[in-house]
Amino acid sequence: MSLDSLPTELLCNILCRLDPIGLISRRHFVERLLALEADPRHGGPPLSFRSRDNHLDPGTSESGWDAMRWACTQCMRLRPHTAFGNHALLRLRYRKPRRES
Ligand SMILES: [Zn+2]
């Protein structure tokens with residue numbers, strides 16, 4: 001038996017008693033965090049890395065890095081680059097997605 005099979009009134013009664021945090025699954029929370037990371041208002045300016053010649057824009061000594069945030073799936077927060085290894089952040093699977101992607 002799944003929750004979907006319960007009458008709507010009973011389902012509403014149950015959902016109203018749940019802690020709101022419990023209503024968001026971890027997967028959905030991570031997806032939301034990644035969307036915030038890609039949003040410049042929360043994740044800071046975009047970072048581009050060209051692996052062909054290791055070109056980084058902005059460079060690590062330029063401003064912009066302090067305003068950037070990455071999603072940490074351990075503590076479920078947006079964290080600065082100092083919370084991660086910079087080499088890890090440039091790895092393809094951890095790179096910030098381009099806004100339009
Ligand atoms: Zn963390």
# chains A, B, ... in the order shown; residues from 1 in each chain; ligands from 1
$ residues_near_ligand --ligand "ligand 1" --cutoff "10 Å" --atoms "only C-alpha atoms and all ligand atoms" --output "list in words"
Trp70, Ala71, Cys72, Thr73, Gln74, Cys75, Met76, Arg77, Leu78, Arg79, Pro80, Ala83 and Phe84 of chain A
$ select_by_dssp --residues "chain A" --states "alpha helix (DSSP H)" --output "PyMOL selection string"
chain A and resi 8-17+20-23+26-38+40-43+86-90
$ atom_distance --atom1 "atom CA of Leu23 of chain A" --atom2 "atom CA of Leu10 of chain A"
16.2 Å
$ closest_atom_pairs --of "segment 8-47 of chain A" --to "segment 57-65 of chain A" --cutoff "8 Å" --atoms "only C-alpha atoms" --output "CSV"
residue,atom,partner,partner_atom,distance
A:Gly44,CA,A:Gly64,CA,7.4
A:Pro45,CA,A:Gly64,CA,6.4
A:Leu47,CA,A:Asp57,CA,5.8
$ write_last_selection --atoms "all heavy atoms" --output "short mmCIF file (atom, residue, chain, number, x, y, z; two decimals), in the first residue's frame"
data_model
loop_
_atom_site.label_atom_id
_atom_site.label_comp_id
_atom_site.auth_asym_id
_atom_site.auth_seq_id
_atom_site.Cartn_x
_atom_site.Cartn_y
_atom_site.Cartn_z
N GLY A 44 27.24 32.95 -6.91
CA GLY A 44 28.28 33.87 -7.32
C GLY A 44 28.49 33.86 -8.83
O GLY A 44 27.76 33.18 -9.56
N PRO A 45 29.51 34.61 -9.28
CA PRO A 45 29.76 34.72 -10.72
C PRO A 45 30.16 33.37 -11.33
O PRO A 45 30.65 32.50 -10.63
CB PRO A 45 30.91 35.73 -10.81
CG PRO A 45 31.54 35.74 -9.47
CD PRO A 45 30.49 35.34 -8.48
N LEU A 47 32.17 30.52 -13.36
CA LEU A 47 33.58 30.15 -13.44
C LEU A 47 33.74 29.29 -14.69
O LEU A 47 32.97 28.36 -14.90
CB LEU A 47 33.97 29.35 -12.21
CG LEU A 47 35.37 28.74 -12.18
CD1 LEU A 47 36.42 29.86 -12.09
CD2 LEU A 47 35.51 27.80 -10.99
#
$ closest_residue --among "A:Arg41, A:Tyr94, A:Leu15, A:His81" --to "Leu3 of chain A" --atoms "only C-alpha atoms"
A:Leu15
$ select_by_dssp --residues "chain A" --states "strand (DSSP E or B)" --output "compact mmCIF listing (two decimals) with N, CA and C atoms, in the first residue's frame"
# COMPACT_ATOMS: atom_id res chain seq x y z
N SER A 48 34.69 29.66 -15.52
CA SER A 48 34.90 28.80 -16.68
C SER A 48 36.32 28.24 -16.67
N PHE A 49 36.42 26.99 -17.02
CA PHE A 49 37.71 26.30 -17.06
C PHE A 49 37.84 25.60 -18.40
N ARG A 50 38.93 25.95 -19.11
CA ARG A 50 39.20 25.33 -20.40
C ARG A 50 40.32 24.33 -20.17
N HIS A 55 43.01 27.11 -18.84
CA HIS A 55 42.65 28.51 -18.66
C HIS A 55 41.45 28.61 -17.72
N LEU A 56 41.63 29.42 -16.68
CA LEU A 56 40.60 29.59 -15.67
C LEU A 56 40.14 31.04 -15.68
N ASP A 57 38.83 31.27 -15.73
CA ASP A 57 38.29 32.62 -15.76
C ASP A 57 37.14 32.74 -14.77
N TRP A 70 29.75 26.75 -3.80
CA TRP A 70 29.49 25.43 -4.36
C TRP A 70 28.62 24.64 -3.41
N ALA A 71 27.82 23.76 -3.96
CA ALA A 71 26.94 22.93 -3.15
C ALA A 71 27.74 21.83 -2.47
N CYS A 72 27.58 21.72 -1.15
CA CYS A 72 28.20 20.63 -0.42
C CYS A 72 27.09 19.65 -0.06
N ARG A 77 24.82 22.67 2.27
CA ARG A 77 24.88 24.13 2.23
C ARG A 77 25.72 24.56 1.06
N LEU A 78 25.59 25.85 0.70
CA LEU A 78 26.48 26.42 -0.31
C LEU A 78 27.72 26.89 0.43
N ARG A 79 28.90 26.43 0.00
CA ARG A 79 30.14 26.74 0.71
C ARG A 79 31.13 27.42 -0.22
$ atom_distance --atom1 "atom CA of Arg52 of chain A" --atom2 "atom CA of Met68 of chain A"
23.2 Å
$ atom_distance --atom1 "atom CA of Arg95 of chain A" --atom2 "atom CA of His28 of chain A"
19.5 Å
$ closest_residue --among "A:Glu9, A:Asp4, A:Asp66, A:Glu31" --to "Gly43 of chain A" --atoms "only C-alpha atoms"
A:Asp66
